[in-house]
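Okay, entry-v3.cif now, which holds mmCIF, C-alpha atoms and all ligand atoms:
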data_final
#
loop_
_atom_site.label_atom_id
_atom_site.label_comp_id
_atom_site.auth_asym_id
_atom_site.auth_seq_id
_atom_site.Cartn_x
_atom_site.Cartn_y
_atom_site.Cartn_z
CA MET A 786 0.00 0.00 0.00
CA ASN A 787 1.22 3.49 -0.76
CA VAL A 788 0.88 6.04 1.99
CA ASN A 789 1.44 9.74 2.38
CA THR A 790 4.79 10.72 3.74
CA GLY A 791 3.50 13.64 5.81
CA LYS A 792 6.00 16.46 6.11
CA TYR A 793 9.12 14.30 6.10
CA ASN A 794 11.33 14.53 3.03
CA ILE A 795 11.87 10.92 2.04
CA ASP A 796 14.86 11.87 -0.16
CA ILE A 797 16.91 12.33 3.00
CA VAL A 798 16.82 8.68 4.02
CA LYS A 799 16.93 7.52 0.39
CA ASN A 800 20.02 9.57 -0.45
CA LYS A 801 21.84 8.46 2.68
CA PHE A 802 21.21 4.86 1.70
CA ARG A 803 22.52 5.46 -1.84
CA GLU A 804 25.61 7.18 -0.44
CA LEU A 805 26.39 4.39 2.05
CA PHE A 806 25.53 1.35 -0.06
CA GLN A 807 25.63 2.53 -3.72
CA GLU A 808 22.29 1.03 -4.64
CA GLU A 809 18.59 1.89 -4.75
CA PRO A 810 16.70 1.12 -1.52
CA ARG A 811 13.15 0.07 -0.87
CA LEU A 812 11.31 2.51 1.40
CA PHE A 813 8.89 1.96 4.27
CA ARG A 814 7.05 4.10 6.77
CA SER A 815 5.38 3.46 10.15
CA PRO A 816 3.67 6.22 12.10
CA GLY A 817 3.76 7.24 15.75
CA ARG A 818 0.49 7.42 17.67
CA ILE A 819 -1.62 9.44 20.00
CA ASN A 820 -4.10 7.90 22.39
CA ILE A 821 -7.34 9.78 22.98
CA ILE A 822 -8.35 7.81 26.07
CA GLY A 823 -7.78 4.35 27.62
CA GLU A 824 -4.37 4.50 29.31
CA HIS A 825 -2.61 1.55 30.99
CA THR A 826 -5.57 -0.61 30.01
CA ASP A 827 -4.02 -2.53 27.10
CA TYR A 828 -1.92 -4.96 29.16
CA ASN A 829 -4.95 -5.56 31.37
CA ASP A 830 -6.96 -6.96 28.43
CA GLY A 831 -8.94 -3.70 28.30
CA PHE A 832 -9.77 -1.11 25.66
CA VAL A 833 -7.82 1.73 24.03
CA LEU A 834 -8.57 4.48 21.51
CA PRO A 835 -5.34 5.42 19.69
CA ALA A 836 -4.80 6.98 16.26
CA ALA A 837 -1.79 6.92 13.94
CA ILE A 838 -0.30 10.38 13.33
CA ASP A 839 1.56 12.28 10.64
CA GLN A 840 4.92 11.83 12.37
CA ALA A 841 6.63 8.59 11.41
CA ALA A 842 9.71 6.38 11.25
CA TYR A 843 11.14 5.86 7.76
CA VAL A 844 13.50 3.11 6.66
CA ALA A 845 15.45 2.55 3.46
CA VAL A 846 16.47 -1.10 3.05
CA GLY A 847 18.20 -3.47 0.68
CA LYS A 848 19.12 -7.16 0.76
CA ARG A 849 22.68 -8.38 1.09
CA SER A 850 24.11 -11.63 -0.18
CA ASP A 851 25.92 -12.40 3.10
CA ASP A 852 24.69 -12.62 6.71
CA MET A 853 25.72 -9.11 7.76
CA ILE A 854 23.39 -6.41 9.06
CA HIS A 855 24.58 -2.85 8.38
CA LEU A 856 22.54 -0.14 10.10
CA ALA A 857 22.67 3.65 10.12
CA SER A 858 20.56 6.08 12.15
CA LEU A 859 20.34 9.65 10.91
CA ALA A 860 18.83 10.92 14.17
CA PHE A 861 21.72 9.52 16.22
CA ASN A 862 24.33 9.98 13.48
CA GLU A 863 25.64 6.48 14.16
CA THR A 864 26.28 3.28 12.26
CA TYR A 865 26.31 -0.27 13.57
CA SER A 866 27.17 -3.65 12.03
CA CYS A 867 26.81 -7.23 13.21
CA ARG A 868 26.10 -10.73 11.94
CA LEU A 869 22.60 -12.20 12.00
CA SER A 870 23.91 -14.68 14.55
CA GLU A 871 25.27 -11.94 16.85
CA LEU A 872 22.17 -10.03 17.93
CA ARG A 873 22.31 -8.53 21.39
CA PRO A 874 20.55 -5.70 23.25
CA SER A 875 22.69 -2.65 23.99
CA LYS A 876 20.26 -0.05 25.42
CA SER A 877 20.47 2.01 22.25
CA TRP A 878 18.46 2.69 19.08
CA THR A 879 19.77 -0.53 17.55
CA ASP A 880 17.62 -2.53 20.01
CA TYR A 881 14.47 -1.55 18.13
CA VAL A 882 15.91 -2.87 14.87
CA LEU A 883 17.77 -5.94 16.12
CA GLY A 884 14.93 -6.81 18.52
CA VAL A 885 12.59 -7.47 15.60
CA VAL A 886 15.25 -9.39 13.66
CA ASP A 887 15.65 -11.54 16.76
CA GLN A 888 11.87 -12.16 16.82
CA LEU A 889 11.82 -13.10 13.15
CA LEU A 890 14.61 -15.64 13.67
CA LYS A 891 12.94 -17.06 16.79
CA ASN A 892 9.77 -17.51 14.78
CA GLY A 893 11.57 -19.48 12.09
CA CYS A 894 11.50 -16.79 9.39
CA ASP A 895 14.06 -17.25 6.67
CA ILE A 896 15.94 -13.96 6.42
CA GLY A 897 19.44 -13.03 5.29
CA GLY A 898 21.69 -10.01 5.76
CA PHE A 899 20.49 -6.49 4.89
CA ASN A 900 21.45 -2.82 4.81
CA LEU A 901 19.15 -0.34 6.52
CA VAL A 902 19.05 3.41 7.09
CA LEU A 903 16.65 4.72 9.70
CA ASP A 904 15.23 8.21 10.08
CA GLY A 905 11.97 9.90 10.95
CA ASP A 906 10.25 12.92 12.40
CA ILE A 907 8.61 11.55 15.56
CA LYS A 908 9.69 13.49 18.60
CA ILE A 909 11.73 10.99 20.62
CA GLY A 910 10.78 10.68 24.29
CA ALA A 911 7.52 12.61 23.81
CA GLY A 912 5.32 9.55 24.36
CA LEU A 913 4.35 9.30 20.69
CA SER A 914 5.69 5.74 20.37
CA SER A 915 8.73 6.33 18.23
CA SER A 916 10.07 2.94 19.33
CA ALA A 917 6.97 1.05 18.16
CA ALA A 918 7.13 2.96 14.88
CA VAL A 919 10.74 1.89 14.32
CA GLU A 920 9.95 -1.74 15.17
CA CYS A 921 6.96 -1.81 12.82
CA SER A 922 8.76 -0.09 9.95
CA VAL A 923 11.63 -2.59 10.16
CA LEU A 924 9.20 -5.51 10.32
CA PHE A 925 7.25 -4.22 7.32
CA ALA A 926 10.51 -3.78 5.44
CA LEU A 927 11.92 -7.23 6.21
CA ASN A 928 8.54 -8.86 5.58
CA GLU A 929 8.57 -7.45 2.03
CA LEU A 930 12.29 -7.83 1.39
CA PHE A 931 12.36 -11.52 2.27
CA ALA A 932 8.77 -12.27 1.12
CA LEU A 933 7.84 -13.62 4.57
CA GLY A 934 4.10 -13.22 4.08
CA LEU A 935 3.45 -12.15 7.68
CA PRO A 936 -0.06 -10.76 8.22
CA LYS A 937 -0.40 -7.32 9.82
CA MET A 938 -1.63 -8.72 13.13
CA GLN A 939 1.49 -10.85 13.47
CA ILE A 940 3.67 -7.86 12.65
CA ALA A 941 2.11 -5.93 15.54
CA LYS A 942 2.60 -8.90 17.89
CA LEU A 943 6.23 -9.48 16.87
CA ALA A 944 6.98 -5.79 17.35
CA GLN A 945 5.51 -5.98 20.86
CA ALA A 946 7.57 -9.08 21.64
CA ALA A 947 10.70 -7.27 20.46
CA GLU A 948 9.96 -4.44 22.89
CA HIS A 949 9.55 -6.97 25.72
CA GLN A 950 12.70 -8.90 25.02
CA PHE A 951 15.19 -6.38 23.65
CA ALA A 952 14.05 -3.09 25.16
CA GLY A 953 12.88 -4.75 28.40
CA VAL A 954 9.53 -2.94 28.58
CA LYS A 955 6.56 -5.26 29.14
CA CYS A 956 4.29 -3.05 27.06
CA GLY A 957 0.79 -3.83 25.85
CA ILE A 958 -0.17 -4.04 22.19
CA MET A 959 -1.59 -0.52 21.72
CA ASP A 960 1.38 1.31 20.18
CA GLN A 961 2.35 -1.36 17.68
CA PHE A 962 -1.28 -1.99 16.78
CA ALA A 963 -1.96 1.69 16.14
CA SER A 964 1.19 2.03 14.06
CA VAL A 965 0.23 -0.94 11.86
CA PHE A 966 -3.56 -0.52 11.65
CA GLY A 967 -3.96 3.28 11.81
CA LYS A 968 -6.32 4.97 9.38
CA ALA A 969 -6.38 8.66 8.39
CA GLY A 970 -9.29 10.55 9.93
CA HIS A 971 -10.00 7.78 12.41
CA ALA A 972 -9.14 6.48 15.85
CA VAL A 973 -9.00 2.73 16.43
CA GLN A 974 -11.23 1.40 19.19
CA LEU A 975 -9.35 -1.75 20.10
CA ASP A 976 -10.35 -4.55 22.43
CA CYS A 977 -6.93 -5.69 23.63
CA ARG A 978 -8.26 -9.08 24.69
CA SER A 979 -9.89 -10.26 21.46
CA LEU A 980 -7.92 -7.83 19.25
CA GLU A 981 -11.20 -6.96 17.57
CA TYR A 982 -11.25 -3.36 16.49
CA GLN A 983 -13.38 -0.75 14.83
CA TYR A 984 -12.47 2.56 13.23
CA VAL A 985 -14.15 5.55 14.83
CA PRO A 986 -14.20 8.72 12.70
CA ILE A 987 -12.61 11.65 14.51
CA GLN A 988 -15.17 14.33 13.89
CA MET A 989 -14.35 17.35 15.99
CA ASP A 990 -15.61 20.40 14.17
CA GLY A 991 -13.56 23.46 15.08
CA ILE A 992 -11.51 21.50 17.63
CA LYS A 993 -7.95 20.26 17.25
CA MET A 994 -5.82 17.82 19.19
CA VAL A 995 -2.86 19.79 20.52
CA MET A 996 0.15 18.16 22.16
CA PHE A 997 2.05 19.93 24.91
CA ASN A 998 5.41 18.25 25.18
CA SER A 999 6.58 18.75 28.77
CA ASN A 1000 10.16 18.06 27.65
CA VAL A 1001 10.58 15.91 30.72
CA SER A 1002 12.26 12.67 29.68
CA HIS A 1003 10.77 9.54 31.16
CA SER A 1004 13.70 8.13 33.11
CA LEU A 1005 11.44 6.19 35.49
CA ALA A 1006 9.21 5.06 32.71
CA SER A 1007 10.33 1.51 32.02
CA SER A 1008 10.92 0.37 35.61
CA GLU A 1009 7.72 1.93 36.96
CA TYR A 1010 5.78 0.70 33.94
CA ASN A 1011 6.79 -2.88 34.66
CA THR A 1012 5.95 -2.37 38.35
CA ARG A 1013 2.42 -1.18 37.48
CA ARG A 1014 1.94 -4.25 35.36
CA GLN A 1015 3.01 -6.50 38.23
CA GLN A 1016 0.71 -4.69 40.65
CA CYS A 1017 -2.25 -5.33 38.35
CA GLU A 1018 -1.23 -8.99 38.03
CA GLN A 1019 -1.00 -9.26 41.80
CA GLY A 1020 -4.57 -7.93 42.14
CA VAL A 1021 -5.78 -10.48 39.60
CA ALA A 1022 -3.95 -13.31 41.40
CA TRP A 1023 -5.67 -12.45 44.71
CA VAL A 1024 -9.11 -12.39 43.15
CA ARG A 1025 -8.37 -15.65 41.33
CA GLN A 1026 -7.80 -17.41 44.66
CA TYR A 1027 -11.55 -17.06 45.22
CA VAL A 1028 -12.88 -16.86 41.65
CA PRO A 1029 -10.79 -19.29 39.60
CA ASN A 1030 -11.93 -18.34 36.10
CA ILE A 1031 -10.58 -14.78 36.36
CA ARG A 1032 -7.86 -14.17 33.76
CA SER A 1033 -7.22 -10.45 33.92
CA LEU A 1034 -8.60 -7.21 35.36
CA ARG A 1035 -11.07 -7.24 32.47
CA ASP A 1036 -12.94 -10.04 34.29
CA VAL A 1037 -12.83 -8.44 37.73
CA SER A 1038 -15.74 -6.44 39.17
CA GLN A 1039 -15.59 -3.54 41.55
CA THR A 1040 -17.21 -5.68 44.25
CA GLN A 1041 -14.59 -8.42 43.83
CA LEU A 1042 -11.82 -5.84 44.16
CA GLU A 1043 -13.33 -4.61 47.40
CA GLN A 1044 -13.85 -8.14 48.70
CA TYR A 1045 -10.53 -9.73 47.80
CA VAL A 1046 -7.95 -6.98 47.28
CA LEU A 1047 -8.78 -3.91 49.39
CA HIS A 1048 -8.08 -5.51 52.78
CA ARG A 1049 -4.85 -7.11 51.57
CA ASP A 1050 -3.19 -4.07 50.05
CA ALA A 1051 -4.67 -0.61 49.63
CA LEU A 1052 -2.08 0.39 47.02
CA ILE A 1053 -2.76 -2.61 44.77
CA TYR A 1054 -6.48 -1.93 45.18
CA LYS A 1055 -5.99 1.68 44.08
CA ARG A 1056 -4.07 0.63 40.96
CA CYS A 1057 -6.63 -2.00 39.96
CA ARG A 1058 -9.53 0.31 40.69
CA TYR A 1059 -8.11 2.88 38.27
CA VAL A 1060 -7.97 0.27 35.49
CA LEU A 1061 -11.60 -0.76 36.04
CA ASP A 1062 -12.71 2.87 36.03
CA GLU A 1063 -10.69 3.65 32.91
CA ASN A 1064 -12.15 0.75 30.94
CA ALA A 1065 -15.68 1.86 31.75
CA ARG A 1066 -14.75 5.45 30.95
CA LEU A 1067 -13.30 4.50 27.58
CA LEU A 1068 -16.44 2.74 26.41
CA SER A 1069 -18.57 5.71 27.29
CA ALA A 1070 -15.99 8.13 25.77
CA CYS A 1071 -16.17 6.20 22.48
CA ASP A 1072 -19.91 6.77 22.46
CA ASP A 1073 -19.29 10.48 23.06
CA LEU A 1074 -16.93 10.60 20.07
CA LYS A 1075 -19.39 8.71 17.86
CA LYS A 1076 -22.17 11.14 18.85
CA GLY A 1077 -19.90 14.15 18.37
CA ASP A 1078 -20.22 15.16 22.03
CA ILE A 1079 -16.66 16.42 22.39
CA ALA A 1080 -17.41 18.29 25.62
CA ALA A 1081 -18.41 15.01 27.30
CA LEU A 1082 -15.34 13.26 25.88
CA GLY A 1083 -13.13 16.08 27.15
CA GLU A 1084 -14.55 15.83 30.67
CA LYS A 1085 -13.64 12.15 30.73
CA MET A 1086 -10.10 12.97 29.66
CA PHE A 1087 -9.75 15.21 32.72
CA LEU A 1088 -11.03 12.35 34.88
CA THR A 1089 -8.52 9.98 33.28
CA HIS A 1090 -5.73 12.39 34.16
CA GLU A 1091 -6.91 12.54 37.73
CA GLY A 1092 -6.81 8.74 37.89
CA LEU A 1093 -3.38 8.48 36.26
CA SER A 1094 -1.98 11.12 38.59
CA LYS A 1095 -3.54 10.19 41.95
CA ALA A 1096 -4.44 6.51 41.76
CA TYR A 1097 -2.10 5.01 39.17
CA GLU A 1098 0.66 7.53 39.99
CA VAL A 1099 2.35 7.63 36.61
CA SER A 1100 2.20 11.40 36.05
CA CYS A 1101 4.79 13.97 37.14
CA THR A 1102 4.71 17.52 38.47
CA GLU A 1103 5.13 19.07 35.03
CA LEU A 1104 2.32 17.06 33.39
CA ASP A 1105 0.03 17.76 36.35
CA TRP A 1106 0.85 21.42 36.00
CA LEU A 1107 0.02 21.41 32.27
CA VAL A 1108 -3.35 19.74 32.77
CA GLU A 1109 -4.24 21.87 35.77
CA PHE A 1110 -3.36 25.05 33.90
CA VAL A 1111 -5.82 24.40 31.06
CA ARG A 1112 -8.58 22.89 33.20
CA HIS A 1113 -10.37 26.20 33.62
CA GLU A 1114 -9.70 27.54 30.14
CA SER A 1115 -13.04 27.67 28.32
CA ASP A 1116 -11.32 27.00 24.98
CA VAL A 1117 -9.95 23.67 26.21
CA LEU A 1118 -12.52 20.87 26.28
CA GLY A 1119 -10.31 18.14 27.64
CA ALA A 1120 -6.70 17.39 28.62
CA ARG A 1121 -4.66 14.63 30.15
CA MET A 1122 -1.20 13.12 30.20
CA MET A 1123 -0.76 10.62 27.40
CA GLY A 1124 1.09 7.31 27.11
CA GLY A 1125 3.16 5.46 29.70
CA GLY A 1126 3.78 8.56 31.82
CA PHE A 1127 6.57 10.22 33.86
CA GLY A 1128 7.05 12.76 31.08
CA GLY A 1129 6.22 13.24 27.44
CA CYS A 1130 3.10 15.01 26.21
CA SER A 1131 -0.30 16.02 27.42
CA ILE A 1132 -3.06 15.78 24.83
CA ASN A 1133 -5.49 18.70 24.72
CA LEU A 1134 -8.75 19.25 22.85
CA VAL A 1135 -8.61 22.93 21.96
CA LYS A 1136 -10.93 25.23 19.98
CA GLU A 1137 -9.10 25.86 16.75
CA ASN A 1138 -9.32 29.65 16.78
CA ALA A 1139 -7.91 29.83 20.31
CA ILE A 1140 -4.82 27.67 19.80
CA ASP A 1141 -2.26 30.41 19.11
CA VAL A 1142 -3.20 32.57 22.08
CA LEU A 1143 -3.41 29.55 24.39
CA VAL A 1144 -0.04 28.16 23.34
CA GLU A 1145 1.63 31.49 24.02
CA LYS A 1146 0.02 31.77 27.44
CA VAL A 1147 0.82 28.19 28.48
CA SER A 1148 4.40 28.36 27.16
CA LYS A 1149 5.20 31.52 29.14
CA ALA A 1150 3.64 30.27 32.34
CA TYR A 1151 5.24 26.81 31.96
CA LYS A 1152 8.69 28.33 31.56
CA HIS A 1153 8.10 30.50 34.59
CA ALA A 1154 6.80 27.62 36.73
CA THR A 1155 9.24 24.88 35.73
CA GLY A 1156 12.15 26.51 33.91
CA LEU A 1157 11.44 24.19 30.98
CA THR A 1158 10.59 25.02 27.39
CA LEU A 1159 7.24 23.77 26.17
CA ASP A 1160 6.86 22.32 22.67
CA ALA A 1161 3.33 22.64 21.39
CA PHE A 1162 2.13 21.11 18.14
CA THR A 1163 -1.06 19.86 16.56
CA VAL A 1164 -1.20 16.36 15.09
CA THR A 1165 -3.14 15.07 12.15
CA THR A 1166 -4.11 11.42 11.90
CA SER A 1167 -2.59 9.27 9.17
CA GLU A 1168 -2.56 5.82 7.59
CA GLY A 1169 -0.75 2.97 9.32
CA SER A 1170 2.50 1.30 8.19
CA GLY A 1171 3.19 0.73 4.53
CA SER A 1172 5.65 0.70 1.69
CA LEU A 1173 6.58 3.90 -0.15
CA ASP A 1174 7.82 2.26 -3.34
C1 LIG A 1201 3.08 2.72 26.65
C2 LIG A 1201 2.96 1.25 26.25
C3 LIG A 1201 1.53 0.91 25.83
C4 LIG A 1201 0.52 1.38 26.86
C5 LIG A 1201 0.78 2.81 27.30
C6 LIG A 1201 -0.08 3.23 28.45
O1 LIG A 1201 2.88 3.54 25.53
O2 LIG A 1201 3.85 0.95 25.20
O3 LIG A 1201 1.41 -0.46 25.57
O4 LIG A 1201 0.48 0.50 27.96
O5 LIG A 1201 2.13 3.03 27.66
O6 LIG A 1201 -1.40 3.21 28.10
#

Starting from the coordinates I provided, produce the structure as structure tokens.
Amino acid sequence: MNVNTGKYNIDIVKNKFRELFQEEPRLFRSPGRINIIGEHTDYNDGFVLPAAIDQAAYVAVGKRSDDMIHLASLAFNETYSCRLSELRPSKSWTDYVLGVVDQLLKNGCDIGGFNLVLDGDIKIGAGLSSSAAVECSVLFALNELFALGLPKMQIAKLAQAAEHQFAGVKCGIMDQFASVFGKAGHAVQLDCRSLEYQYVPIQMDGIKMVMFNSNVSHSLASSEYNTRRQQCEQGVAWVRQYVPNIRSLRDVSQTQLEQYVLHRDALIYKRCRYVLDENARLLSACDDLKKGDIAALGEKMFLTHEGLSKAYEVSCTELDWLVEFVRHESDVLGARMMGGGFGGCSINLVKENAIDVLVEKVSKAYKHATGLTLDAFTVTTSEGSGSLD
């Protein structure tokens, strides 16, 4: 499938490939994502509502006749080479490329050596899933290059497995799914248990989705993320002692949480309670979006932020500040921190004609309050991963 390249100039990655390898590459693109609502629900078999955006990872690739992998990253201005049999994590950008190669080999896919140049325009560390975009773009590329015939769903799952094993983050499926299955003009309402999904048109007349990048980098993100996941699993395990057919928080009721978890550990209860609330909130927020009731959707986003900040405790001072600041602005219908947390962006539903004035006001006050520079930008939705040939 051919997809739009957004604002990125694809000649940059193409020319670098020609310069390094003296041949014509094949080109692939996978987008980053936003998530309108449904946070920390995916790994609890719950629901999410992400959309692919017009910021993406781009790769130029070509086959080799030996078993070498030659990589170059334009963003990091680095190159890296290894054999197919020598893949190892190194806590760097190469993990997101080699992690998927590792998955392909573990799944018995017949691949050989290749050359690859990586670039893109997704803001790194902003919570827009640049890592999932890289994983998916490399998988799409290798799938085509070596005629592996992997269906899209398997690409999303392999990308997630790469993140677990090479990057060490036990993420859910949301980011990779959105990057692969995104559709311009739509959000994807995904049931992370059955992986059934439906496209929901994003119809917000006169309202835009504006990102406020706190410019706080998520240093706690991966360790705390994995801890939250364990806390949810602990809650499920306690309920399962009494109700054996429980598989995940998706099956647990509020009453069961109170009966079997609250008296054992108030913190675990609080975490699980947030997930139950958020799942219910998402379903009703999807109805709001379908009905075009953006004010009601926006209110739920504020409630989600409250839950993420106070009960799930994955926000940070700067993100709390950003959401609190816009809460009483009449031109802002909804706002919350987005993604895994501990930094990155807040997502804001803002009346289009008020964006410029608001951004100026928030930026000044944010600098004054935190000493940090705010990056504000609007995002447009886009198609999911595809080839650019
Ligand atoms: C990160 C993970 C996702 C999801 C979100 C929180 O982006 O990669 O799987 O869990 O955090 O909703």

Q. Within 9 Å of ligand LIG 1201 (chain A), counting only C-alpha atoms and all ligand atoms, which protein or nucleic acid residues do you find, written as an MDAnalysis selection string?
A. chainID A and resid 820 822:829 833 912:914 916:917 945 948 954:961 1006 1010 1014 1123:1126

C-alpha atoms of the current selection, written as a compact mmCIF listing (two decimals), keeping the file's coordinate frame:
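Output (out-v8.txt):
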# COMPACT_ATOMS: atom_id res chain seq x y z
CA ASN A 820 -4.10 7.90 22.39
CA ILE A 822 -8.35 7.81 26.07
CA GLY A 823 -7.78 4.35 27.62
CA GLU A 824 -4.37 4.50 29.31
CA HIS A 825 -2.61 1.55 30.99
CA THR A 826 -5.57 -0.61 30.01
CA ASP A 827 -4.02 -2.53 27.10
CA TYR A 828 -1.92 -4.96 29.16
CA ASN A 829 -4.95 -5.56 31.37
CA VAL A 833 -7.82 1.73 24.03
CA GLY A 912 5.32 9.55 24.36
CA LEU A 913 4.35 9.30 20.69
CA SER A 914 5.69 5.74 20.37
CA SER A 916 10.07 2.94 19.33
CA ALA A 917 6.97 1.05 18.16
CA GLN A 945 5.51 -5.98 20.86
CA GLU A 948 9.96 -4.44 22.89
CA VAL A 954 9.53 -2.94 28.58
CA LYS A 955 6.56 -5.26 29.14
CA CYS A 956 4.29 -3.05 27.06
CA GLY A 957 0.79 -3.83 25.85
CA ILE A 958 -0.17 -4.04 22.19
CA MET A 959 -1.59 -0.52 21.72
CA ASP A 960 1.38 1.31 20.18
CA GLN A 961 2.35 -1.36 17.68
CA ALA A 1006 9.21 5.06 32.71
CA TYR A 1010 5.78 0.70 33.94
CA ARG A 1014 1.94 -4.25 35.36
CA MET A 1123 -0.76 10.62 27.40
CA GLY A 1124 1.09 7.31 27.11
CA GLY A 1125 3.16 5.46 29.70
CA GLY A 1126 3.78 8.56 31.82

Q.
Given only C-alpha atoms as the basis, pick out the residue of A:Ala845, A:Val1021, A:Leu980, A:Val1046 nearest to A:Leu1034.
A. A:Val1021

Q. What is the atom CA of A:Gly1128-atom CA of A:Lys1055 distance in Å, reported with one decimal?
A.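 Distance between the two atoms: 21.5 Å.
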
Q. Any idea what's packed within 7 Å of stretch 1086-1095 of chain A, counting only C-alpha atoms, ignoring anything in its chain fewer than 5 positions away? Could you give it as a list in words?
A.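 The filter keeps Ile822, Tyr1059, Glu1063, Ser1100, Gly1119, Ala1120, Arg1121 and Met1122 of chain A.
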
Q: May I ask which of the residues A:Ala842, A:Cys1071, A:Ile797, A:Val1111 is the closest one to A:Lys1085, counting only C-alpha atoms?
A: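 Looking at the shortest contact to A:Lys1085, the residue is A:Cys1071.
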